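Have a look at start33.cif; it's mmCIF, C-alpha atoms:
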data_target
#
loop_
_atom_site.label_atom_id
_atom_site.label_comp_id
_atom_site.auth_asym_id
_atom_site.auth_seq_id
_atom_site.Cartn_x
_atom_site.Cartn_y
_atom_site.Cartn_z
CA MET A 113 32.15 26.28 4.36
CA ARG A 114 33.56 23.16 5.96
CA PRO A 115 31.69 19.89 5.31
CA ARG A 116 30.86 19.40 8.99
CA LEU A 117 29.38 22.87 9.28
CA SER A 118 27.28 22.25 6.14
CA VAL A 119 25.84 19.06 7.58
CA LEU A 120 25.16 20.77 10.91
CA LEU A 121 23.37 23.62 9.15
CA VAL A 122 21.18 21.21 7.15
CA LEU A 123 20.24 19.27 10.29
CA THR A 124 19.45 22.45 12.17
CA LEU A 125 17.23 23.77 9.38
CA SER A 126 15.45 20.40 9.14
CA PHE A 127 14.78 20.43 12.88
CA LEU A 128 13.46 23.98 12.81
CA THR A 129 11.20 23.45 9.78
CA ALA A 130 9.77 20.05 10.84
CA PRO A 131 6.94 21.51 12.98
CA VAL A 132 5.97 23.83 10.11
CA SER A 133 5.87 20.90 7.66
CA TRP A 134 3.79 18.83 10.08
CA ALA A 135 1.32 21.68 10.52
CA ILE A 136 1.00 22.09 6.75
CA HIS A 137 0.22 18.38 6.35
CA LYS A 138 -2.37 18.53 9.13
CA GLU A 139 -4.10 21.40 7.33
CA GLU A 140 -3.94 19.55 4.02
CA ILE A 141 -5.40 16.38 5.55
CA ALA A 142 -8.29 18.34 7.07
CA ARG A 143 -8.97 19.95 3.69
CA LEU A 144 -8.83 16.63 1.84
CA ILE A 145 -11.24 15.01 4.28
CA GLN A 146 -13.70 17.79 3.52
CA GLN A 147 -13.18 17.25 -0.21
CA LEU A 148 -14.24 13.62 0.15
CA ASN A 149 -17.76 15.08 0.28
CA GLY A 150 -17.07 17.46 -2.62
CA PRO A 151 -19.61 18.15 -5.37
CA THR A 152 -17.74 16.44 -8.24
CA PRO A 153 -16.46 12.87 -8.64
CA GLU A 154 -13.07 14.26 -9.70
CA GLU A 155 -12.70 16.17 -6.44
CA ARG A 156 -13.76 13.20 -4.30
CA ALA A 157 -11.54 10.73 -6.16
CA ASN A 158 -8.51 13.04 -6.01
CA ALA A 159 -8.99 13.58 -2.27
CA ALA A 160 -9.14 9.83 -1.63
CA TRP A 161 -6.03 9.22 -3.73
CA ARG A 162 -4.03 11.91 -1.94
CA LEU A 163 -5.12 10.72 1.49
CA ALA A 164 -3.94 7.21 0.62
CA HIS A 165 -0.43 8.65 0.26
CA LEU A 166 -0.54 10.52 3.56
CA ASP A 167 -0.93 7.37 5.64
CA MET A 168 2.23 8.16 7.61
CA PHE A 169 0.28 10.89 9.42
CA PRO A 170 -2.08 9.63 12.16
CA GLU A 171 -4.52 12.44 11.40
CA ALA A 172 -5.30 10.82 8.03
CA LYS A 173 -7.09 7.94 9.77
CA ALA A 174 -9.89 10.37 10.56
CA ALA A 175 -10.88 9.95 6.89
CA VAL A 176 -11.75 6.26 7.29
CA PRO A 177 -15.49 6.68 8.12
CA ILE A 178 -16.01 8.96 5.10
CA LEU A 179 -13.98 6.66 2.85
CA ILE A 180 -16.27 3.82 3.88
CA GLU A 181 -19.20 5.94 2.75
CA ARG A 182 -17.42 6.70 -0.52
CA MET A 183 -17.34 2.93 -1.20
CA LYS A 184 -21.04 3.46 -2.03
CA ASP A 185 -20.39 6.48 -4.26
CA GLU A 186 -22.16 6.58 -7.63
CA SER A 187 -18.78 7.06 -9.36
CA THR A 188 -16.69 3.98 -10.18
CA VAL A 189 -13.49 6.02 -9.93
CA VAL A 190 -14.40 7.35 -6.49
CA ARG A 191 -15.22 3.87 -5.19
CA SER A 192 -11.92 2.54 -6.58
CA ARG A 193 -9.91 5.37 -5.00
CA ALA A 194 -11.74 4.93 -1.71
CA ALA A 195 -10.84 1.23 -1.69
CA GLU A 196 -7.21 2.07 -2.35
CA ALA A 197 -7.19 4.59 0.50
CA LEU A 198 -8.81 2.13 2.91
CA GLY A 199 -6.04 -0.34 2.10
CA HIS A 200 -3.58 2.22 3.46
CA LEU A 201 -5.60 3.83 6.25
CA GLY A 202 -8.08 1.17 7.36
CA ARG A 203 -5.78 -1.46 8.81
CA ASP A 204 -7.23 -3.02 11.98
CA ASP A 205 -10.54 -1.24 11.38
CA LYS A 206 -13.40 -3.77 11.23
CA ALA A 207 -15.78 -1.43 9.40
CA ALA A 208 -13.12 -0.70 6.75
CA LEU A 209 -12.45 -4.42 6.32
CA ASP A 210 -16.16 -5.11 5.88
CA ALA A 211 -16.40 -2.33 3.28
CA LEU A 212 -13.52 -3.80 1.28
CA ILE A 213 -14.99 -7.31 1.46
CA ALA A 214 -18.27 -5.89 0.17
CA GLY A 215 -16.26 -4.17 -2.58
CA LEU A 216 -15.29 -7.60 -3.95
CA LYS A 217 -18.93 -7.88 -5.08
CA ASP A 218 -19.11 -4.41 -6.66
CA ARG A 219 -20.79 -4.19 -10.06
CA ASP A 220 -17.65 -2.69 -11.67
CA LEU A 221 -14.49 -4.71 -12.15
CA GLU A 222 -12.22 -1.75 -11.33
CA VAL A 223 -13.72 -1.53 -7.85
CA ARG A 224 -13.56 -5.28 -7.27
CA ALA A 225 -9.90 -5.33 -8.30
CA ALA A 226 -9.13 -2.28 -6.16
CA ALA A 227 -10.82 -3.90 -3.15
CA ALA A 228 -8.79 -7.10 -3.60
CA SER A 229 -5.59 -5.10 -3.99
CA ALA A 230 -6.37 -3.08 -0.86
CA LEU A 231 -6.94 -6.26 1.15
CA GLY A 232 -3.55 -7.47 -0.06
CA ASP A 233 -1.99 -4.20 1.10
CA GLN A 234 -3.27 -4.97 4.61
CA GLY A 235 -1.77 -8.47 4.58
CA ALA A 236 -2.39 -10.62 7.63
CA ALA A 237 -4.46 -7.83 9.20
CA ALA A 238 -7.14 -8.67 6.60
CA ALA A 239 -7.18 -12.39 7.39
CA ASP A 240 -10.96 -12.33 7.85
CA ALA A 241 -11.23 -11.64 4.11
CA VAL A 242 -9.66 -14.98 3.10
CA ASP A 243 -12.98 -16.70 2.33
CA ALA A 244 -14.22 -13.75 0.27
CA LEU A 245 -10.94 -13.61 -1.67
CA ALA A 246 -11.10 -17.34 -2.33
CA GLU A 247 -14.56 -16.81 -3.81
CA ALA A 248 -13.24 -13.89 -5.87
CA LEU A 249 -10.82 -16.31 -7.58
CA LYS A 250 -13.89 -17.31 -9.62
CA ASP A 251 -14.60 -13.74 -10.75
CA SER A 252 -15.45 -13.36 -14.41
CA GLU A 253 -12.68 -10.78 -14.91
CA PRO A 254 -9.02 -11.91 -15.03
CA PHE A 255 -7.73 -8.74 -13.36
CA VAL A 256 -9.92 -9.35 -10.31
CA ARG A 257 -8.78 -12.97 -10.11
CA HIS A 258 -5.14 -11.91 -10.31
CA GLU A 259 -5.49 -9.34 -7.53
CA SER A 260 -7.39 -11.81 -5.34
CA ALA A 261 -4.70 -14.46 -5.69
CA ARG A 262 -1.99 -11.87 -5.05
CA ALA A 263 -3.82 -10.73 -1.92
CA LEU A 264 -4.06 -14.28 -0.59
CA GLY A 265 -0.30 -14.54 -1.00
CA THR A 266 0.19 -11.71 1.51
CA MET A 267 -1.78 -13.30 4.35
CA GLY A 268 0.53 -16.16 5.26
CA PRO A 269 -0.89 -19.20 7.08
CA ALA A 270 -4.28 -17.48 7.37
CA SER A 271 -4.81 -18.39 3.71
CA GLU A 272 -5.03 -22.08 4.60
CA ARG A 273 -8.80 -21.87 4.19
CA ALA A 274 -8.23 -20.95 0.53
CA VAL A 275 -6.00 -23.92 -0.36
CA ALA A 276 -8.75 -25.82 -2.18
CA ALA A 277 -9.66 -22.76 -4.27
CA LEU A 278 -6.00 -22.04 -5.08
CA LYS A 279 -5.42 -25.65 -6.14
CA GLU A 280 -8.44 -25.42 -8.43
CA VAL A 281 -6.94 -22.31 -10.03
CA VAL A 282 -3.71 -24.20 -10.69
CA ARG A 283 -5.52 -27.20 -12.16
CA ASP A 284 -7.56 -25.00 -14.49
CA GLY A 285 -4.35 -24.11 -16.31
CA SER A 286 -5.76 -21.43 -18.62
CA ASP A 287 -4.21 -18.33 -17.01
CA PRO A 288 -0.43 -18.37 -16.38
CA ILE A 289 -0.43 -15.10 -14.41
CA LEU A 290 -3.12 -16.46 -12.09
CA ARG A 291 -1.19 -19.73 -11.65
CA GLU A 292 1.91 -17.71 -10.79
CA TYR A 293 0.15 -15.78 -8.03
CA ALA A 294 -1.61 -18.94 -6.83
CA ALA A 295 1.71 -20.78 -6.57
CA HIS A 296 3.10 -17.98 -4.43
CA ALA A 297 0.02 -18.02 -2.18
CA LEU A 298 0.21 -21.81 -1.77
CA GLY A 299 3.82 -21.47 -0.69
CA GLN A 300 2.72 -19.22 2.18
CA VAL A 301 0.29 -21.74 3.67
CA GLY A 302 2.01 -23.72 6.40
CA HIS A 303 5.29 -23.50 4.48
CA GLY A 304 3.79 -25.47 1.60
CA ALA A 305 2.87 -28.49 3.74
CA LYS A 306 -0.64 -28.69 2.29
CA ALA A 307 0.29 -27.89 -1.29
CA ASP A 308 3.62 -29.58 -1.98
CA ASP A 309 2.13 -32.00 -4.53
CA VAL A 310 0.68 -29.16 -6.60
CA LEU A 311 3.84 -27.05 -6.36
CA ILE A 312 6.06 -29.95 -7.36
CA GLY A 313 3.89 -30.51 -10.43
CA LEU A 314 4.15 -26.83 -11.37
CA ALA A 315 7.91 -26.72 -10.84
CA LYS A 316 8.46 -29.77 -13.01
CA SER A 317 6.12 -29.30 -15.91
CA ASP A 318 4.20 -26.03 -16.07
CA PRO A 319 4.56 -24.61 -19.60
CA ASP A 320 5.23 -21.10 -18.29
CA ARG A 321 8.72 -20.37 -16.98
CA TYR A 322 7.52 -17.70 -14.55
CA VAL A 323 5.09 -20.17 -12.99
CA ARG A 324 7.86 -22.75 -12.64
CA GLU A 325 10.11 -20.18 -10.97
CA ARG A 326 7.38 -19.12 -8.58
CA ALA A 327 6.71 -22.78 -7.69
CA VAL A 328 10.41 -23.28 -6.99
CA ASP A 329 10.38 -20.18 -4.77
CA ALA A 330 7.44 -21.65 -2.85
CA LEU A 331 8.96 -25.13 -2.54
CA GLU A 332 12.19 -23.88 -1.04
CA ARG A 333 10.23 -22.35 1.86
CA MET A 334 9.09 -25.77 3.03
CA GLY A 335 11.99 -26.20 5.45
CA PRO A 336 13.62 -29.37 6.81
CA ALA A 337 10.38 -31.33 7.19
CA HIS A 338 9.82 -31.28 3.42
CA ALA A 339 13.40 -31.18 2.12
CA ASP A 340 13.17 -34.77 0.80
CA HIS A 341 10.39 -33.62 -1.53
CA VAL A 342 12.01 -30.35 -2.48
CA VAL A 343 15.50 -31.53 -3.40
CA PRO A 344 14.56 -34.02 -6.17
CA THR A 345 12.18 -31.49 -7.69
CA LEU A 346 14.74 -28.70 -7.79
CA GLN A 347 17.32 -31.09 -9.22
CA HIS A 348 14.85 -31.96 -11.98
CA VAL A 349 14.27 -28.27 -12.70
CA LEU A 350 18.00 -27.62 -12.90
CA ARG A 351 18.50 -30.44 -15.40
CA SER A 352 15.54 -29.67 -17.65
CA ASP A 353 14.82 -25.93 -17.50
CA THR A 354 16.98 -24.46 -20.28
CA GLU A 355 14.34 -22.08 -21.66
CA PRO A 356 15.68 -18.50 -21.86
CA ARG A 357 14.03 -15.91 -19.65
CA ALA A 358 10.98 -14.31 -21.24
CA THR A 359 11.24 -10.84 -22.69
CA GLY A 360 8.88 -8.31 -24.22
CA SER A 361 5.19 -9.09 -23.80
CA ARG A 362 5.95 -12.30 -21.87
CA ALA A 363 8.08 -10.52 -19.28
CA ARG A 364 6.18 -9.86 -16.07
CA PRO A 365 7.28 -8.21 -12.83
CA ARG A 366 7.81 -10.73 -10.05
CA GLU A 367 6.74 -8.64 -7.07
CA HIS A 368 6.85 -11.44 -4.53
CA GLY A 369 9.53 -13.72 -5.95
CA ARG A 370 13.11 -13.54 -4.81
CA GLY A 371 14.49 -14.51 -8.20
CA GLY A 372 18.17 -15.12 -8.76
CA ASN A 373 21.18 -13.12 -7.73
CA PRO A 374 22.72 -11.83 -10.98
CA ARG A 375 26.05 -11.26 -9.28
CA SER A 376 26.31 -14.82 -8.05
CA GLY A 377 25.36 -16.32 -11.43
CA ARG A 378 22.84 -18.56 -9.67
CA GLY A 379 19.18 -18.65 -10.59
CA PRO A 380 16.31 -19.37 -8.21
CA ALA A 381 16.43 -23.13 -8.79
CA ARG A 382 20.16 -23.30 -8.00
CA GLN A 383 19.79 -21.12 -4.92
CA GLY A 384 16.73 -23.09 -3.83
CA LEU A 385 18.61 -26.37 -4.15
CA ASP A 386 21.43 -24.99 -2.01
CA ARG A 387 18.99 -24.01 0.72
CA ALA A 388 17.02 -27.26 0.52
CA LEU A 389 20.21 -29.32 0.79
CA ALA A 390 21.24 -27.27 3.82
CA CYS A 391 17.82 -27.92 5.40
CA ARG A 392 18.14 -31.66 4.77
CA CYS A 393 21.57 -31.66 6.41
CA ASP A 394 20.22 -29.75 9.39
CA ALA A 395 17.29 -32.15 9.73
CA GLY A 396 19.62 -35.13 9.62
#
Rewrite the structure from the file as structure tokens, please.
Amino acid sequence: MRPRLSVLLVLTLSFLTAPVSWAIHKEEIARLIQQLNGPTPEERANAAWRLAHLDMFPEAKAAVPILIERMKDESTVVRSRAAEALGHLGRDDKAALDALIAGLKDRDLEVRAAAASALGDQGAAAADAVDALAEALKDSEPFVRHESARALGTMGPASERAVAALKEVVRDGSDPILREYAAHALGQVGHGAKADDVLIGLAKSDPDRYVRERAVDALERMGPAHADHVVPTLQHVLRSDTEPRATGSRARPREHGRGGNPRSGRGPARQGLDRALACRCDAG
């Protein structure tokens, strides 16, 4: 069969089977919504998890009211899965947002962390949760603090209200992963205008390389108005940061950092300096 005919046949079959696939998903969603009220925690948790991954179908949003109820379930796993699903399905839903904010005070750390993560999944749409997330930076459990800082880093300028709390996290200095997420979040607030002093300190002297890299990433977003601060700092990092990249247990995924381009041979500090110098030229 000629290649063109093969492609045409595949496209035709896809077109003909699409309505069938859509109907199957609609039936599955209806069944899963019913299972949210199932007799066992396993059934309810599994239904919430599967609904979270069907968020591309508008029908799945019908599950939001029941998921809000499941945030009060007796099972920790069900409450955690419900929070995850609300992060996918509850965007722009005030009741869902309130349920996730309440989840930050749950008695179990898994639920608190899941609620923070879900708010981060909603990004700027969850801006009303900034104050609650700033408070959650003081949670007794590191995992909850990490997820709260990460969530604040997804909300852009709306996180300005959390600047004081994020700076306090940085000054505490006992948790490098938390400082890393906090540095990223500070870089999102007004392009670093309110946090440049803290970020410069991190970029120059934090003992953890990942934190320094994240601070550099944040500093380079400042733009022309702050280029005079950024350029000397990045030059200092380039001269002094010869530590090899961490491996093994010290290696952490950098979900929000741009990192370096391995093909160009330039790390984040070098690329950041290039951009900052360009900004200073543009400003001048």
Out of A:Val189, A:Ala263, A:Leu245, A:Leu201, which residue has the shortest atom-to-atom distance to A:Met168 when counting all atoms listed in the file? A:Leu201
List the spatial neighbours of stretch 140-147 of chain A as a short mmCIF file (atom, residue, chain, number, x, y, z; two decimals) with C-alpha atoms, in the coordinates of the input - criterion: any atom at most 7 Å away, only C-alpha atoms, same-chain residues fewer than 4 positions off excluded.
data_model
loop_
_atom_site.label_atom_id
_atom_site.label_comp_id
_atom_site.auth_asym_id
_atom_site.auth_seq_id
_atom_site.Cartn_x
_atom_site.Cartn_y
_atom_site.Cartn_z
CA ILE A 136 1.00 22.09 6.75
CA GLU A 155 -12.70 16.17 -6.44
CA ARG A 156 -13.76 13.20 -4.30
CA ALA A 159 -8.99 13.58 -2.27
CA LEU A 163 -5.12 10.72 1.49
CA ALA A 172 -5.30 10.82 8.03
CA ALA A 175 -10.88 9.95 6.89
#
Return the single residue from A:Lys250, A:Thr188, A:Arg203, A:Asp240 that is closest to A:Asp220, with distances computed using all atoms listed in the file.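 So, comparing all the options, the nearest one is A:Thr188.
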Decode the PyMOL selection byres ((chain A and resi 182) around 10) for the given file into explicit residues and return them as a VMD selection string. chain A and resid 148 to 149 156 to 157 160 176 to 181 183 to 187 190 to 195 211
Between atom CA of A:Arg262 and atom CA of A:Pro153, what is the distance, to one decimal in Å?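 Computed distance, atom CA of A:Arg262 to atom CA of A:Pro153, equals 28.9 Å.
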Provide the atom CA of A:Leu314 to atom CA of A:Arg291 distance in Å, to one decimal place.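 Computing it gives 8.9 Å between the two atoms.
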Explicit residue set for the PyMOL selection byres ((chain A and resi 223-237) around 8), as a PDB file with C-alpha atoms, keeping the file's coordinate frame:
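Okay, this is what ended up in part-v4.pdb:
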ATOM      1  CA  THR A 188     -16.690   3.980 -10.180  1.00  0.00           C
ATOM      2  CA  VAL A 189     -13.490   6.020  -9.930  1.00  0.00           C
ATOM      3  CA  ARG A 191     -15.220   3.870  -5.190  1.00  0.00           C
ATOM      4  CA  SER A 192     -11.920   2.540  -6.580  1.00  0.00           C
ATOM      5  CA  ARG A 193      -9.910   5.370  -5.000  1.00  0.00           C
ATOM      6  CA  ALA A 195     -10.840   1.230  -1.690  1.00  0.00           C
ATOM      7  CA  GLU A 196      -7.210   2.070  -2.350  1.00  0.00           C
ATOM      8  CA  ALA A 197      -7.190   4.590   0.500  1.00  0.00           C
ATOM      9  CA  LEU A 198      -8.810   2.130   2.910  1.00  0.00           C
ATOM     10  CA  GLY A 199      -6.040  -0.340   2.100  1.00  0.00           C
ATOM     11  CA  HIS A 200      -3.580   2.220   3.460  1.00  0.00           C
ATOM     12  CA  ARG A 203      -5.780  -1.460   8.810  1.00  0.00           C
ATOM     13  CA  ASP A 204      -7.230  -3.020  11.980  1.00  0.00           C
ATOM     14  CA  LEU A 209     -12.450  -4.420   6.320  1.00  0.00           C
ATOM     15  CA  LEU A 212     -13.520  -3.800   1.280  1.00  0.00           C
ATOM     16  CA  ILE A 213     -14.990  -7.310   1.460  1.00  0.00           C
ATOM     17  CA  GLY A 215     -16.260  -4.170  -2.580  1.00  0.00           C
ATOM     18  CA  LEU A 216     -15.290  -7.600  -3.950  1.00  0.00           C
ATOM     19  CA  LYS A 217     -18.930  -7.880  -5.080  1.00  0.00           C
ATOM     20  CA  ASP A 218     -19.110  -4.410  -6.660  1.00  0.00           C
ATOM     21  CA  ARG A 219     -20.790  -4.190 -10.060  1.00  0.00           C
ATOM     22  CA  ASP A 220     -17.650  -2.690 -11.670  1.00  0.00           C
ATOM     23  CA  LEU A 221     -14.490  -4.710 -12.150  1.00  0.00           C
ATOM     24  CA  GLU A 222     -12.220  -1.750 -11.330  1.00  0.00           C
ATOM     25  CA  ALA A 238      -7.140  -8.670   6.600  1.00  0.00           C
ATOM     26  CA  ALA A 239      -7.180 -12.390   7.390  1.00  0.00           C
ATOM     27  CA  ALA A 241     -11.230 -11.640   4.110  1.00  0.00           C
ATOM     28  CA  LEU A 245     -10.940 -13.610  -1.670  1.00  0.00           C
ATOM     29  CA  PHE A 255      -7.730  -8.740 -13.360  1.00  0.00           C
ATOM     30  CA  VAL A 256      -9.920  -9.350 -10.310  1.00  0.00           C
ATOM     31  CA  ARG A 257      -8.780 -12.970 -10.110  1.00  0.00           C
ATOM     32  CA  GLU A 259      -5.490  -9.340  -7.530  1.00  0.00           C
ATOM     33  CA  SER A 260      -7.390 -11.810  -5.340  1.00  0.00           C
ATOM     34  CA  ARG A 262      -1.990 -11.870  -5.050  1.00  0.00           C
ATOM     35  CA  ALA A 263      -3.820 -10.730  -1.920  1.00  0.00           C
ATOM     36  CA  LEU A 264      -4.060 -14.280  -0.590  1.00  0.00           C
ATOM     37  CA  GLY A 265      -0.300 -14.540  -1.000  1.00  0.00           C
ATOM     38  CA  THR A 266       0.190 -11.710   1.510  1.00  0.00           C
ATOM     39  CA  MET A 267      -1.780 -13.300   4.350  1.00  0.00           C
ATOM     40  CA  GLY A 268       0.530 -16.160   5.260  1.00  0.00           C
ATOM     41  CA  ALA A 270      -4.280 -17.480   7.370  1.00  0.00           C
TER      42      ALA A 270
END
Residue IDs satisfying the PyMOL selection byres ((chain A and resi 327) around 9), as a list in words: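 Output of the PyMOL selection byres ((chain A and resi 327) around 9): Glu292, Ala295, His296, Leu298, Gly299, Val310, Leu311, Ile312, Gly313, Leu314, Ala315, Lys316, Tyr322, Val323, Arg324, Glu325, Arg326, Val328, Asp329, Ala330, Leu331 and Glu332 of chain A.
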Selection to disk with C-alpha atoms, as a short mmCIF file (atom, residue, chain, number, x, y, z; two decimals), in the frame of the given file:
data_model
loop_
_atom_site.label_atom_id
_atom_site.label_comp_id
_atom_site.auth_asym_id
_atom_site.auth_seq_id
_atom_site.Cartn_x
_atom_site.Cartn_y
_atom_site.Cartn_z
CA GLU A 292 1.91 -17.71 -10.79
CA ALA A 295 1.71 -20.78 -6.57
CA HIS A 296 3.10 -17.98 -4.43
CA LEU A 298 0.21 -21.81 -1.77
CA GLY A 299 3.82 -21.47 -0.69
CA VAL A 310 0.68 -29.16 -6.60
CA LEU A 311 3.84 -27.05 -6.36
CA ILE A 312 6.06 -29.95 -7.36
CA GLY A 313 3.89 -30.51 -10.43
CA LEU A 314 4.15 -26.83 -11.37
CA ALA A 315 7.91 -26.72 -10.84
CA LYS A 316 8.46 -29.77 -13.01
CA TYR A 322 7.52 -17.70 -14.55
CA VAL A 323 5.09 -20.17 -12.99
CA ARG A 324 7.86 -22.75 -12.64
CA GLU A 325 10.11 -20.18 -10.97
CA ARG A 326 7.38 -19.12 -8.58
CA VAL A 328 10.41 -23.28 -6.99
CA ASP A 329 10.38 -20.18 -4.77
CA ALA A 330 7.44 -21.65 -2.85
CA LEU A 331 8.96 -25.13 -2.54
CA GLU A 332 12.19 -23.88 -1.04
#
Å distance separating atom CA of A:Ser271 from atom CA of A:Asp320, one decimal place: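 A separation of 24.3 Å between them.
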Skipping near chain neighbours, those fewer than 4 positions away, what residues fall within 10 Å of A:Glu272 using only C-alpha atoms, listed as a PyMOL selection string? chain A and resi 242-243+264+267-268+276+278+297-298+300-302+304+306-307
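Closest approach to A:Thr345 among A:Asp309, A:Pro288, A:Arg321, A:Ala277 is made by A:Asp309 (distances from all atoms listed in the file).
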Padding 3 Å on each side, edges along x, y and z: where is the centre of the box around the listed atoms of stretch 260-276 of chain A, and how long are its edges in Å to one decimal? Output it as lines of an AutoDock Vina configuration file.
center_x = -4.1
center_y = -18.3
center_z = 0.8
size_x = 15.3
size_y = 21.1
size_z = 19.1
Rank nothing, just name the residue among A:His348, A:Ala294, A:His137, A:Asp251 nearest to A:Asp167, using all atoms listed in the file.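 Nearest to A:Asp167: A:His137.
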Counting all atoms listed in the file, figure out which residue out of A:Gly285, A:Gly150, A:Pro254, A:Pro344 gets nearest to A:Asp318.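 Closest residue, counting all atoms listed in the file: A:Gly285.
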Can you complete the atoms of stretch 209-225 of chain A to N, CA and C atoms and list them as a compact mmCIF listing (two decimals), keeping the file's coordinate frame?
# COMPACT_ATOMS: atom_id res chain seq x y z
N LEU A 209 -12.62 -3.07 6.87
CA LEU A 209 -12.45 -4.42 6.32
C LEU A 209 -13.76 -4.91 5.70
N ASP A 210 -14.86 -4.68 6.41
CA ASP A 210 -16.16 -5.11 5.88
C ASP A 210 -16.49 -4.38 4.57
N ALA A 211 -16.13 -3.10 4.50
CA ALA A 211 -16.40 -2.33 3.28
C ALA A 211 -15.59 -2.88 2.10
N LEU A 212 -14.35 -3.26 2.35
CA LEU A 212 -13.52 -3.80 1.28
C LEU A 212 -14.01 -5.19 0.85
N ILE A 213 -14.43 -6.00 1.81
CA ILE A 213 -14.99 -7.31 1.46
C ILE A 213 -16.24 -7.13 0.60
N ALA A 214 -17.08 -6.18 0.98
CA ALA A 214 -18.27 -5.89 0.17
C ALA A 214 -17.86 -5.40 -1.21
N GLY A 215 -16.73 -4.67 -1.30
CA GLY A 215 -16.26 -4.17 -2.58
C GLY A 215 -15.90 -5.27 -3.56
N LEU A 216 -15.59 -6.47 -3.06
CA LEU A 216 -15.29 -7.60 -3.95
C LEU A 216 -16.52 -8.02 -4.76
N LYS A 217 -17.69 -7.56 -4.36
CA LYS A 217 -18.93 -7.88 -5.08
C LYS A 217 -19.46 -6.68 -5.87
N ASP A 218 -18.66 -5.61 -5.96
CA ASP A 218 -19.11 -4.41 -6.66
C ASP A 218 -19.46 -4.74 -8.12
N ARG A 219 -20.35 -3.95 -8.68
CA ARG A 219 -20.79 -4.19 -10.06
C ARG A 219 -19.70 -3.90 -11.09
N ASP A 220 -18.70 -3.07 -10.73
CA ASP A 220 -17.65 -2.69 -11.67
C ASP A 220 -16.34 -3.41 -11.33
N LEU A 221 -15.71 -3.92 -12.37
CA LEU A 221 -14.49 -4.71 -12.15
C LEU A 221 -13.37 -3.88 -11.55
N GLU A 222 -13.29 -2.58 -11.88
CA GLU A 222 -12.22 -1.75 -11.33
C GLU A 222 -12.32 -1.68 -9.81
N VAL A 223 -13.52 -1.61 -9.30
CA VAL A 223 -13.72 -1.53 -7.85
C VAL A 223 -13.41 -2.87 -7.20
N ARG A 224 -13.85 -3.95 -7.82
CA ARG A 224 -13.56 -5.28 -7.27
C ARG A 224 -12.05 -5.52 -7.21
N ALA A 225 -11.36 -5.16 -8.29
CA ALA A 225 -9.90 -5.33 -8.30
C ALA A 225 -9.23 -4.43 -7.27
